[in-house]
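Data first, discussion second: the structure below is written as structure tokens.
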Amino acid sequence: MGKIIVFVNQKGGVGKTTSAINIGAYIAKAGKKVLLVDFDSQGNMSSGVGAKKDKPTIYELLAGQCSCGQAVKNTPVENLDAITADTDLSGAAIELVDEENREFFLKKALEPLREKYDFILIDCPPSLGILTLNGLAAADSVIVPMQCEYFALEGITLLLQTVKKVQKSINPKLIIGGIFFTMYDSRTRLAQDVVRQVQAYFKDVVFNTIIPRNIRLSEAPSHGVPICLYDPSCVGAKSYEKLAGEVIRRG
């Protein structure tokens, strides 16, 4: 059975989507079958991985209007598939509020796909709303990307409180798969201090690989490909390749 990993951070602009795309791409390049699930109505993952954003999307799958096979689309990376999202998903967030067992719609939709993939990676919106709760309910583990800044420390505390509540009431098997740093600038003292504090507090939960600031990582999505196809020799690509290796080893 494939492992489902959800990428969550209620703060936007931390490199969550970029990380989900590139970790997924490098896991696929390592020979694993990977499915990316865009669960954000902005659809940035869909664009960044080069998947066609035509229907059916994750919204139609949640609504029972299509099968899993119809929702899955190919990407330019071998072994890497995607379920895309568009603005219709914002309507799902409203529609789910009054539904019974509203936290489990994504879990039910993805369950048949576990047998086909080694890893299913879910990119959630930058919030702790009903869509993110669906992601946490469906996942085996949660991975948290965080920026090296002061407010990130406050944000991760709130996020982990939410995860604990989900573990108690919705998904007792959910574990913290890991925390990693993005947009790291070794020249700033603040970045070094944040890394040190988080490593000291969370210890083995923190991944060893740190993702540096890298302009090539910012450019790749506009070309509709992961960094492994855009510039595999840049420092950002090599960092994500190492991080993907850590994710695979943690299983």
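The chains in the structure tokens are called A, B, ... from first to last as shown; in each chain the residues are counted from 1, and the ligands are counted from 1 in the order shown.
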Write out as a short mmCIF file (atom, residue, chain, number, x, y, z; two decimals) with N, CA and C atoms, in the first residue's frame each polymer residue whose atoms come within 8 Å of segment 99-112 of chain A, counting only C-alpha atoms; drop sequence neighbours fewer than 2 positions from it.
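So result-v9.cif came out as:
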```cif
data_model
loop_
_atom_site.label_atom_id
_atom_site.label_comp_id
_atom_site.auth_asym_id
_atom_site.auth_seq_id
_atom_site.Cartn_x
_atom_site.Cartn_y
_atom_site.Cartn_z
N LEU A 61 -13.63 14.52 -8.56
CA LEU A 61 -13.38 13.25 -7.86
C LEU A 61 -14.05 13.26 -6.49
N LEU A 62 -13.93 14.36 -5.76
CA LEU A 62 -14.58 14.47 -4.44
C LEU A 62 -16.09 14.37 -4.56
N CYS A 68 -11.30 7.54 -10.20
CA CYS A 68 -9.90 7.89 -9.92
C CYS A 68 -9.08 7.91 -11.21
N GLU A 95 -19.13 23.75 0.36
CA GLU A 95 -20.09 22.66 0.28
C GLU A 95 -19.87 21.59 1.35
N LEU A 96 -18.62 21.36 1.71
CA LEU A 96 -18.30 20.30 2.67
C LEU A 96 -18.74 20.63 4.09
N VAL A 97 -18.88 21.92 4.40
CA VAL A 97 -19.15 22.34 5.78
C VAL A 97 -20.38 21.65 6.36
N ARG A 114 -4.15 3.87 -3.51
CA ARG A 114 -3.01 3.44 -2.67
C ARG A 114 -2.27 2.26 -3.28
N GLU A 115 -3.00 1.37 -3.92
CA GLU A 115 -2.38 0.17 -4.48
C GLU A 115 -1.54 0.47 -5.73
N ILE A 130 -11.19 23.43 6.24
CA ILE A 130 -11.75 22.10 6.01
C ILE A 130 -10.95 21.31 4.97
N LEU A 131 -10.36 21.98 3.97
CA LEU A 131 -9.57 21.25 2.97
C LEU A 131 -8.31 20.67 3.61
N LEU A 133 -7.92 19.97 6.75
CA LEU A 133 -8.35 18.89 7.64
C LEU A 133 -8.58 17.60 6.86
N ASN A 134 -9.13 17.71 5.65
CA ASN A 134 -9.30 16.54 4.79
C ASN A 134 -7.95 15.93 4.44
N GLY A 135 -6.96 16.79 4.18
CA GLY A 135 -5.62 16.29 3.88
C GLY A 135 -5.02 15.55 5.06
N ALA A 137 -6.65 14.13 7.49
CA ALA A 137 -7.42 12.91 7.75
C ALA A 137 -7.03 11.79 6.79
N ALA A 138 -6.63 12.16 5.58
CA ALA A 138 -6.30 11.15 4.56
C ALA A 138 -4.88 10.62 4.68
N ALA A 139 -4.00 11.37 5.36
CA ALA A 139 -2.56 11.09 5.32
C ALA A 139 -2.09 10.11 6.39
N ILE A 170 -9.69 12.59 14.67
CA ILE A 170 -9.97 12.26 13.27
C ILE A 170 -9.07 11.15 12.73
#
```
DSSP strand (DSSP E) residues within segment 131-162 of chain A, as a PyMOL selection string = chain A and resi 141-147
Just list the residues in segment 33-138 of chain A DSSP gives alpha helix (DSSP H) on the backbone, as a PyMOL selection string.
-> chain A and resi 44-48+58-62+68-71+88-95+105-110+130-138
Wanna dump the segment 93-155 of chain A-segment 179-186 of chain A contacts at 7 Å for me, each residue with its shortest atom pair and the distance in Å to one decimal, counting only C-alpha atoms, ordered by chain and number, as CSV?
```
residue,atom,partner,partner_atom,distance
A:Ile143,CA,A:Ile179,CA,5.8
A:Val144,CA,A:Ile179,CA,4.7
A:Pro145,CA,A:Phe180,CA,5.1
A:Met146,CA,A:Phe181,CA,5.0
A:Gln147,CA,A:Thr182,CA,5.2
A:Cys148,CA,A:Tyr184,CA,6.3
```
Grab the residues selected above and save them as a PDB file, in the first residue's frame with N, CA, C and O atoms.
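For reference, out-v6.pdb as written:
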```pdb
ATOM      1  N   ILE A 143       4.261  16.487   6.543  1.00  0.00           N
ATOM      2  CA  ILE A 143       5.571  17.124   6.410  1.00  0.00           C
ATOM      3  C   ILE A 143       5.361  18.629   6.393  1.00  0.00           C
ATOM      4  O   ILE A 143       4.481  19.140   5.687  1.00  0.00           O
ATOM      5  N   VAL A 144       6.190  19.331   7.168  1.00  0.00           N
ATOM      6  CA  VAL A 144       6.029  20.773   7.336  1.00  0.00           C
ATOM      7  C   VAL A 144       7.247  21.523   6.803  1.00  0.00           C
ATOM      8  O   VAL A 144       8.339  21.428   7.371  1.00  0.00           O
ATOM      9  N   PRO A 145       7.078  22.273   5.713  1.00  0.00           N
ATOM     10  CA  PRO A 145       8.157  23.172   5.278  1.00  0.00           C
ATOM     11  C   PRO A 145       8.061  24.478   6.048  1.00  0.00           C
ATOM     12  O   PRO A 145       6.951  24.985   6.278  1.00  0.00           O
ATOM     13  N   MET A 146       9.172  25.022   6.460  1.00  0.00           N
ATOM     14  CA  MET A 146       9.121  26.301   7.178  1.00  0.00           C
ATOM     15  C   MET A 146      10.272  27.206   6.783  1.00  0.00           C
ATOM     16  O   MET A 146      11.368  26.746   6.472  1.00  0.00           O
ATOM     17  N   GLN A 147       9.957  28.499   6.764  1.00  0.00           N
ATOM     18  CA  GLN A 147      10.954  29.502   6.461  1.00  0.00           C
ATOM     19  C   GLN A 147      11.766  29.815   7.706  1.00  0.00           C
ATOM     20  O   GLN A 147      11.307  29.631   8.835  1.00  0.00           O
ATOM     21  N   CYS A 148      12.970  30.284   7.494  1.00  0.00           N
ATOM     22  CA  CYS A 148      13.848  30.589   8.625  1.00  0.00           C
ATOM     23  C   CYS A 148      13.607  32.016   9.106  1.00  0.00           C
ATOM     24  O   CYS A 148      14.430  32.921   8.896  1.00  0.00           O
TER      25      CYS A 148
END
```
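By only C-alpha atoms, and with residues fewer than 4 positions from Glu241 of chain A along its chain excluded, the set lying at most 12 Å from it is Ser19, Ile21, Asn22, Ile23, Gly24, Ala25, Tyr26, Ile27, Ala28, Lys29, Ala30, Thr209, Ile210, Ile211, Pro226, Ile227, Cys228, Pro232, Ser233, Cys234, Val235, Gly236, Ala237, Gly245, Glu246, Val247 and Ile248 of chain A.
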